>>> print(open('input-v9.cif').read())   # mmCIF, C-alpha atoms
data_start
#
loop_
_atom_site.group_PDB
_atom_site.id
_atom_site.type_symbol
_atom_site.label_atom_id
_atom_site.label_comp_id
_atom_site.auth_asym_id
_atom_site.auth_seq_id
_atom_site.Cartn_x
_atom_site.Cartn_y
_atom_site.Cartn_z
ATOM 1 C CA MET Z 1 27.931 13.390 -10.395
ATOM 2 C CA LEU Z 2 25.057 14.139 -8.048
ATOM 3 C CA ASP Z 3 22.803 11.131 -7.663
ATOM 4 C CA ILE Z 4 19.616 11.853 -5.750
ATOM 5 C CA GLN Z 5 17.477 8.896 -4.713
ATOM 6 C CA SER Z 6 13.745 9.045 -5.406
ATOM 7 C CA VAL Z 7 11.026 8.841 -2.801
ATOM 8 C CA SER Z 8 7.497 8.010 -3.865
ATOM 9 C CA ALA Z 9 4.419 9.918 -2.784
ATOM 10 C CA HIS Z 10 2.868 6.587 -3.563
ATOM 11 C CA CYS Z 11 -0.698 6.175 -4.762
ATOM 12 C CA ASP Z 12 -2.089 2.944 -6.123
ATOM 13 C CA ILE Z 13 -5.763 3.597 -5.596
ATOM 14 C CA PRO Z 14 -6.314 6.545 -7.885
ATOM 15 C CA CYS Z 15 -10.004 7.254 -7.757
ATOM 16 C CA LYS Z 16 -11.312 6.162 -4.354
ATOM 17 C CA ILE Z 17 -14.707 5.853 -6.008
ATOM 18 C CA TYR Z 18 -16.252 2.716 -4.638
ATOM 19 C CA ASP Z 19 -19.959 1.974 -4.713
ATOM 20 C CA PRO Z 20 -21.763 -1.360 -4.499
ATOM 21 C CA ALA Z 21 -24.422 0.076 -6.829
ATOM 22 C CA VAL Z 22 -22.792 -1.536 -9.879
ATOM 23 C CA ALA Z 23 -22.880 -4.935 -8.185
ATOM 24 C CA GLN Z 24 -26.481 -4.326 -7.159
ATOM 25 C CA VAL Z 25 -27.626 -3.608 -10.707
ATOM 26 C CA ALA Z 26 -25.791 -6.710 -11.909
ATOM 27 C CA ALA Z 27 -27.328 -8.834 -9.128
ATOM 28 C CA LEU Z 28 -30.807 -7.570 -9.946
ATOM 29 C CA SER Z 29 -30.104 -8.438 -13.575
ATOM 30 C CA VAL Z 30 -29.139 -11.976 -12.533
ATOM 31 C CA ALA Z 31 -32.389 -12.342 -10.589
ATOM 32 C CA ARG Z 32 -34.380 -10.970 -13.513
ATOM 33 C CA LEU Z 33 -32.624 -13.256 -16.003
ATOM 34 C CA LEU Z 34 -33.297 -16.279 -13.788
ATOM 35 C CA ASP Z 35 -36.989 -15.363 -13.871
ATOM 36 C CA LEU Z 36 -36.948 -14.889 -17.647
ATOM 37 C CA ILE Z 37 -35.216 -18.242 -18.123
ATOM 38 C CA GLN Z 38 -38.130 -19.916 -16.326
ATOM 39 C CA GLU Z 39 -40.515 -18.309 -18.802
ATOM 40 C CA VAL Z 40 -38.859 -19.641 -21.949
ATOM 41 C CA ASN Z 41 -41.117 -22.191 -23.587
ATOM 42 C CA LEU Z 42 -38.782 -24.891 -24.850
ATOM 43 C CA ASN Z 43 -41.693 -27.231 -25.538
ATOM 44 C CA SER Z 44 -42.343 -25.328 -28.742
ATOM 45 C CA GLY Z 45 -38.999 -26.655 -29.981
ATOM 46 C CA SER Z 46 -38.530 -23.491 -31.973
ATOM 47 C CA LEU Z 47 -35.153 -22.156 -32.924
ATOM 48 C CA ALA Z 48 -36.157 -18.760 -31.527
ATOM 49 C CA ALA Z 49 -36.870 -20.218 -28.074
ATOM 50 C CA ASN Z 50 -33.496 -21.994 -28.051
ATOM 51 C CA ALA Z 51 -31.722 -18.859 -29.184
ATOM 52 C CA GLN Z 52 -33.477 -16.822 -26.506
ATOM 53 C CA LEU Z 53 -32.505 -19.312 -23.808
ATOM 54 C CA SER Z 54 -28.877 -19.241 -24.954
ATOM 55 C CA ARG Z 55 -28.860 -15.478 -24.823
ATOM 56 C CA LEU Z 56 -30.441 -15.308 -21.373
ATOM 57 C CA VAL Z 57 -27.975 -17.841 -19.963
ATOM 58 C CA ALA Z 58 -25.028 -16.008 -21.480
ATOM 59 C CA GLU Z 59 -26.215 -12.708 -20.033
ATOM 60 C CA LYS Z 60 -26.784 -14.315 -16.632
ATOM 61 C CA GLU Z 61 -23.190 -15.578 -16.682
ATOM 62 C CA ALA Z 62 -21.875 -12.131 -17.564
ATOM 63 C CA GLU Z 63 -23.911 -10.300 -14.908
ATOM 64 C CA ALA Z 64 -22.979 -12.800 -12.178
ATOM 65 C CA ARG Z 65 -19.344 -12.299 -13.097
ATOM 66 C CA ILE Z 66 -19.781 -8.522 -12.723
ATOM 67 C CA VAL Z 67 -21.219 -9.055 -9.226
ATOM 68 C CA LYS Z 68 -18.177 -11.107 -8.261
ATOM 69 C CA GLU Z 69 -15.696 -8.630 -9.730
ATOM 70 C CA GLU Z 70 -17.301 -5.563 -8.173
ATOM 71 C CA VAL Z 71 -17.573 -7.133 -4.727
ATOM 72 C CA MET Z 72 -13.990 -8.377 -4.901
ATOM 73 C CA ILE Z 73 -12.688 -4.924 -5.850
ATOM 74 C CA ILE Z 74 -14.460 -3.236 -2.945
ATOM 75 C CA TRP Z 75 -13.443 -5.980 -0.533
ATOM 76 C CA GLY Z 76 -9.837 -6.153 -1.738
ATOM 77 C CA ASP Z 77 -9.124 -2.469 -2.328
ATOM 78 C CA TYR Z 78 -11.435 -0.519 -0.053
ATOM 79 C CA PHE Z 79 -11.712 -2.679 3.051
ATOM 80 C CA LYS Z 80 -8.651 -2.239 5.224
ATOM 81 C CA GLU Z 81 -7.863 -2.898 8.851
ATOM 82 C CA PRO Z 82 -10.128 -0.193 10.368
ATOM 83 C CA GLN Z 83 -13.154 -1.351 8.340
ATOM 84 C CA ILE Z 84 -12.395 -5.040 8.920
ATOM 85 C CA GLU Z 85 -12.017 -4.491 12.659
ATOM 86 C CA LYS Z 86 -15.417 -2.817 12.695
ATOM 87 C CA PHE Z 87 -17.068 -5.557 10.621
ATOM 88 C CA PRO Z 88 -15.098 -8.798 11.060
ATOM 89 C CA GLU Z 89 -17.903 -10.717 9.317
ATOM 90 C CA ILE Z 90 -16.890 -9.168 5.995
ATOM 91 C CA HIS Z 91 -14.527 -11.983 4.932
ATOM 92 C CA GLU Z 92 -17.103 -14.693 5.517
ATOM 93 C CA LEU Z 93 -19.797 -12.610 3.845
ATOM 94 C CA VAL Z 94 -17.696 -11.981 0.721
ATOM 95 C CA HIS Z 95 -16.797 -15.660 0.490
ATOM 96 C CA SER Z 96 -20.472 -16.535 0.787
ATOM 97 C CA LEU Z 97 -21.287 -13.956 -1.906
ATOM 98 C CA MET Z 98 -18.750 -15.547 -4.246
ATOM 99 C CA GLN Z 99 -20.345 -18.931 -3.630
ATOM 100 C CA ILE Z 100 -23.912 -17.806 -4.224
ATOM 101 C CA ALA Z 101 -22.884 -15.859 -7.348
ATOM 102 C CA SER Z 102 -21.307 -19.061 -8.649
ATOM 103 C CA LYS Z 103 -24.498 -20.947 -7.862
ATOM 104 C CA CYS Z 104 -26.389 -18.388 -9.936
ATOM 105 C CA LYS Z 105 -24.025 -19.192 -12.810
ATOM 106 C CA GLN Z 106 -24.304 -22.943 -12.364
ATOM 107 C CA SER Z 107 -28.066 -23.266 -11.950
ATOM 108 C CA VAL Z 108 -31.317 -21.672 -13.062
ATOM 109 C CA ASP Z 109 -33.009 -21.669 -9.654
ATOM 110 C CA PRO Z 110 -34.542 -18.202 -9.055
ATOM 111 C CA GLU Z 111 -34.091 -18.690 -5.312
ATOM 112 C CA ASN Z 112 -30.328 -18.306 -5.811
ATOM 113 C CA GLY Z 113 -30.947 -14.874 -7.297
ATOM 114 C CA ASN Z 114 -32.975 -13.837 -4.264
ATOM 115 C CA GLU Z 115 -30.229 -15.067 -1.949
ATOM 116 C CA LEU Z 116 -27.636 -13.163 -3.978
ATOM 117 C CA ILE Z 117 -29.582 -9.926 -3.512
ATOM 118 C CA LYS Z 118 -30.038 -10.637 0.189
ATOM 119 C CA GLN Z 119 -26.323 -11.155 0.805
ATOM 120 C CA LEU Z 120 -25.374 -8.214 -1.375
ATOM 121 C CA ASN Z 121 -27.746 -6.055 0.672
ATOM 122 C CA ARG Z 122 -25.816 -6.933 3.802
ATOM 123 C CA PHE Z 123 -22.539 -6.175 2.016
ATOM 124 C CA THR Z 124 -23.928 -2.808 0.870
ATOM 125 C CA GLU Z 125 -25.164 -2.044 4.358
ATOM 126 C CA ILE Z 126 -21.708 -2.705 5.812
ATOM 127 C CA PHE Z 127 -19.975 -0.706 3.071
ATOM 128 C CA TRP Z 128 -22.016 2.438 3.760
ATOM 129 C CA ALA Z 129 -21.780 1.916 7.524
ATOM 130 C CA THR Z 130 -17.980 2.121 7.255
ATOM 131 C CA LYS Z 131 -18.486 5.558 5.713
ATOM 132 C CA ASP Z 132 -21.053 6.580 8.353
ATOM 133 C CA VAL Z 133 -23.681 6.910 5.656
ATOM 134 C CA ALA Z 134 -27.184 5.850 6.665
ATOM 135 C CA THR Z 135 -29.007 3.336 4.483
ATOM 136 C CA HIS Z 136 -32.585 2.296 3.898
ATOM 137 C CA LEU Z 137 -34.349 -0.591 2.246
ATOM 138 C CA VAL Z 138 -36.236 0.302 -0.935
ATOM 139 C CA VAL Z 139 -37.919 -1.764 -3.589
ATOM 140 C CA ALA Z 140 -36.041 -1.675 -6.884
ATOM 141 C CA PRO Z 141 -38.126 0.385 -9.324
ATOM 142 C CA TYR Z 142 -37.793 -2.240 -12.057
ATOM 143 C CA PRO Z 143 -38.346 -5.979 -12.341
ATOM 144 C CA PRO Z 144 -37.790 -8.124 -10.352
ATOM 145 C CA ALA Z 145 -38.737 -5.366 -7.862
ATOM 146 C CA LEU Z 146 -36.720 -6.883 -5.029
ATOM 147 C CA PRO Z 147 -35.832 -4.945 -1.872
ATOM 148 C CA ILE Z 148 -32.370 -3.396 -2.054
ATOM 149 C CA ILE Z 149 -30.266 -1.355 0.327
ATOM 150 C CA LYS Z 150 -29.561 2.197 -0.798
ATOM 151 C CA PRO Z 151 -27.615 5.014 0.876
ATOM 152 C CA VAL Z 152 -29.558 7.971 2.192
ATOM 153 C CA LEU Z 153 -27.920 10.823 0.304
ATOM 154 C CA GLU Z 154 -30.048 13.771 1.338
ATOM 155 C CA ASN Z 155 -27.429 16.358 0.485
ATOM 156 C CA ALA Z 156 -26.169 14.665 -2.668
ATOM 157 C CA MET Y 1 22.290 13.360 9.375
ATOM 158 C CA LEU Y 2 20.594 15.005 6.410
ATOM 159 C CA LYS Y 3 19.591 13.305 3.209
ATOM 160 C CA VAL Y 4 18.179 14.742 -0.029
ATOM 161 C CA LEU Y 5 15.515 12.856 -1.992
ATOM 162 C CA ARG Y 6 13.511 13.590 -5.129
ATOM 163 C CA VAL Y 7 9.717 13.243 -4.979
ATOM 164 C CA THR Y 8 7.702 11.214 -7.458
ATOM 165 C CA GLY Y 9 3.913 10.872 -7.463
ATOM 166 C CA ASN Y 10 1.060 13.174 -6.491
ATOM 167 C CA SER Y 11 -0.350 11.750 -3.298
ATOM 168 C CA MET Y 12 1.283 14.463 -1.158
ATOM 169 C CA SER Y 13 0.068 17.292 -3.352
ATOM 170 C CA PRO Y 14 -0.078 20.249 -2.837
ATOM 171 C CA ILE Y 15 2.696 20.319 -0.241
ATOM 172 C CA LEU Y 16 4.929 18.031 -2.284
ATOM 173 C CA LEU Y 17 4.880 17.849 -6.057
ATOM 174 C CA PRO Y 18 6.703 15.522 -8.422
ATOM 175 C CA LYS Y 19 10.359 16.531 -8.884
ATOM 176 C CA ASP Y 20 10.467 18.470 -5.611
ATOM 177 C CA LEU Y 21 13.606 17.897 -3.619
ATOM 178 C CA ILE Y 22 13.098 17.178 0.054
ATOM 179 C CA VAL Y 23 15.574 17.249 2.882
ATOM 180 C CA ILE Y 24 15.061 14.679 5.592
ATOM 181 C CA SER Y 25 16.648 14.343 8.987
ATOM 182 C CA THR Y 26 17.498 10.740 9.736
ATOM 183 C CA LYS Y 27 18.565 11.615 13.265
ATOM 184 C CA CYS Y 28 15.059 12.377 14.486
ATOM 185 C CA LYS Y 29 13.444 9.452 16.306
ATOM 186 C CA ASN Y 30 10.439 11.182 17.867
ATOM 187 C CA PHE Y 31 7.589 11.287 15.389
ATOM 188 C CA ARG Y 32 4.289 13.036 15.978
ATOM 189 C CA PRO Y 33 1.003 12.867 14.048
ATOM 190 C CA GLY Y 34 0.908 15.508 11.353
ATOM 191 C CA GLU Y 35 4.600 15.281 10.537
ATOM 192 C CA VAL Y 36 5.736 14.317 7.052
ATOM 193 C CA VAL Y 37 8.105 11.377 7.036
ATOM 194 C CA VAL Y 38 9.855 9.034 4.644
ATOM 195 C CA PHE Y 39 8.962 5.416 5.280
ATOM 196 C CA ASP Y 40 11.052 2.538 4.006
ATOM 197 C CA CYS Y 41 8.461 0.113 2.688
ATOM 198 C CA LYS Y 42 9.852 -3.299 1.780
ATOM 199 C CA ILE Y 43 7.560 -3.715 -1.230
ATOM 200 C CA LEU Y 44 7.333 -0.153 -2.532
ATOM 201 C CA GLY Y 45 10.681 1.281 -1.501
ATOM 202 C CA LEU Y 46 10.876 4.772 0.003
ATOM 203 C CA VAL Y 47 7.482 6.400 0.466
ATOM 204 C CA VAL Y 48 6.772 9.927 1.677
ATOM 205 C CA LYS Y 49 3.587 10.390 3.711
ATOM 206 C CA ARG Y 50 2.137 12.232 6.680
ATOM 207 C CA ILE Y 51 1.722 10.482 10.028
ATOM 208 C CA SER Y 52 -1.964 10.226 10.927
ATOM 209 C CA SER Y 53 -1.497 8.365 14.191
ATOM 210 C CA ASN Y 54 1.348 7.148 16.341
ATOM 211 C CA ALA Y 55 0.991 4.884 19.362
ATOM 212 C CA LYS Y 56 3.182 2.258 20.996
ATOM 213 C CA GLY Y 57 5.665 1.924 18.185
ATOM 214 C CA VAL Y 58 2.976 1.692 15.532
ATOM 215 C CA VAL Y 59 2.217 4.446 13.035
ATOM 216 C CA GLN Y 60 -0.406 4.976 10.398
ATOM 217 C CA LEU Y 61 0.300 7.115 7.359
ATOM 218 C CA ARG Y 62 -1.810 9.079 4.922
ATOM 219 C CA GLY Y 63 -1.351 11.253 1.877
ATOM 220 C CA ASP Y 64 -2.354 14.903 1.734
ATOM 221 C CA ASN Y 65 -4.148 14.561 -1.579
ATOM 222 C CA PRO Y 66 -7.710 13.463 -0.745
ATOM 223 C CA ARG Y 67 -8.241 12.189 -4.278
ATOM 224 C CA LEU Y 68 -5.564 9.571 -4.036
ATOM 225 C CA ASP Y 69 -4.924 6.661 -1.724
ATOM 226 C CA SER Y 70 -2.162 4.172 -1.205
ATOM 227 C CA SER Y 71 -1.943 0.648 0.088
ATOM 228 C CA VAL Y 72 0.588 1.814 2.690
ATOM 229 C CA CYS Y 73 -1.983 4.199 4.181
ATOM 230 C CA ASN Y 74 -4.375 3.568 7.041
ATOM 231 C CA LYS Y 75 -2.705 0.442 8.255
ATOM 232 C CA ASP Y 76 -0.445 -0.245 11.199
ATOM 233 C CA LEU Y 77 3.246 0.088 10.369
ATOM 234 C CA ASP Y 78 6.310 -0.451 12.507
ATOM 235 C CA ILE Y 79 7.689 2.947 13.471
ATOM 236 C CA ARG Y 80 11.203 1.595 12.926
ATOM 237 C CA GLY Y 81 10.439 1.684 9.198
ATOM 238 C CA ILE Y 82 10.578 5.471 9.235
ATOM 239 C CA LEU Y 83 13.801 6.613 7.625
ATOM 240 C CA GLY Y 84 13.502 10.238 8.623
ATOM 241 C CA LYS Y 85 11.434 13.363 9.008
ATOM 242 C CA VAL Y 86 11.007 15.831 6.160
ATOM 243 C CA ILE Y 87 12.425 19.160 7.301
ATOM 244 C CA GLY Y 88 12.719 21.056 4.063
ATOM 245 C CA ILE Y 89 11.471 21.265 0.498
ATOM 246 C CA TRP Y 90 13.121 22.780 -2.517
ATOM 247 C CA ARG Y 91 11.026 23.423 -5.585
ATOM 248 C CA SER Y 92 13.029 24.730 -8.462
ATOM 249 C CA PRO Y 93 11.615 27.773 -10.253
ATOM 250 C CA PHE Y 94 13.276 26.521 -13.415
ATOM 251 C CA ARG Y 95 14.200 23.161 -14.721
ATOM 252 C CA ILE Y 96 16.777 22.186 -17.288
ATOM 253 C CA LYS Y 97 15.199 19.952 -19.844
ATOM 254 C CA ARG Y 98 17.007 18.087 -22.558
ATOM 255 C CA VAL Y 99 15.570 18.685 -26.031
ATOM 256 C CA LYS Y 100 15.061 15.335 -27.634
ATOM 257 C CA ARG Y 101 15.648 14.623 -31.272
ATOM 258 C CA LYS Y 102 12.409 14.341 -33.189
ATOM 259 C CA LEU Y 103 12.011 13.129 -36.739
ATOM 260 C CA TYR Y 104 9.131 14.305 -38.898
#
>>> encode(input="input-v9.cif", output="structure tokens")
Amino acid sequence: MLDIQSVSAHCDIPCKIYDPAVAQVAALSVARLLDLIQEVNLNSGSLAANAQLSRLVAEKEAEARIVKEEVMIIWGDYFKEPQIEKFPEIHELVHSLMQIASKCKQSVDPENGNELIKQLNRFTEIFWATKDVATHLVVAPYPPALPIIKPVLENA
Amino acid sequence: MLKVLRVTGNSMSPILLPKDLIVISTKCKNFRPGEVVVFDCKILGLVVKRISSNAKGVVQLRGDNPRLDSSVCNKDLDIRGILGKVIGIWRSPFRIKRVKRKLY
């Protein structure tokens, strides 16, 4: 009986579609939710205010988790030796991003949201630099209108 | 020495398709960028890829299909892991397929 061994044209990264944009939208949402949490008037003691606060906190948790997941996927799957050699700061930056995203989950300080955006901007900048795509800083066209890094996709 | 292997996966498409049979030469020890080789990866088993670079006993591999990527690609690998060079492909114009029993 003829027994032919198999050889794999192996592929474990099927789409190659990586973009920090998802993490950016989630991070902006975290910053926005932190602002909204500050605006909830709990002094009224109303059930509606309590319900609104619960909802905002829950959403903040979910969005911060998305930031962490999206950054981890890009860092773990996309960044390989050539990219890491070019930007050796990436490991420290991602660790710092995980920490600040956790802080956003743990607290309601809006400053943490700003810091999250700032660090994610650097991550985004590095990501596009590894692809030789130029970036620019633009103000997000929705609240909290924070500056975010976007790729310059003139021919897109 | 020649060895025949059956291809699985699409990352070398269009040159290699699933179920293609490839003939490799295990005698060849000089590998150049652009050549298709079979690499013995400890975690994944035998993997067929194209050499993208080769310097000082270290090779990097890549697939031909730009839509797919693999964790064995674009990283430094010990050239001694290469089992052989692909020297021939056989793609059958017909395949014998067993008809399975199907209940309605």
>>> closest_residue(input="input-v9.cif", among="Z:Ala48, Z:Val138, Z:Ile100, Z:Leu153", to="Val67 of chain Z", atoms="only C-alpha atoms")
Z:Ile100
>>> resolve_selection(input="input-v9.cif", expression="the PyMOL selection byres ((chain Y) within 8 of (chain Z))", output="MDAnalysis selection string")
chainID Y and resid 4:12 38 45:49 63 67:71 74:75
>>> axis_aligned_box(input="input-v9.cif", around="segment 35-42 of chain Y", padding_each_side="3 Å", output="lines of an AutoDock Vina configuration file")
center_x = 7.8
center_y = 6.0
center_z = 6.2
size_x = 12.5
size_y = 24.6
size_z = 14.8
>>> closest_residue(input="input-v9.cif", among="Z:Gln52, Z:Ala31, Z:Pro88, Z:Asp19", to="Lys103 of chain Z", atoms="all atoms listed in the file")
Z:Ala31
>>> resolve_selection(input="input-v9.cif", expression="the PyMOL selection byres ((chain Z and resi 96-98) around 8)", output="PyMOL selection string")
chain Z and resi 68+92-95+99-102+116+119-120
>>> residues_near_point(input="input-v9.cif", point="(12.6, 10.2, 9.8)", cutoff="6 Å", atoms="all atoms listed in the file", output="ChimeraX atom specification")
/Y:25-26,28,37-38,82-85
>>> closest_residue(input="input-v9.cif", among="Y:Lys27, Y:Arg91, Y:Ser13, Y:Ile43", to="Arg62 of chain Y", atoms="all atoms listed in the file")
Y:Ser13
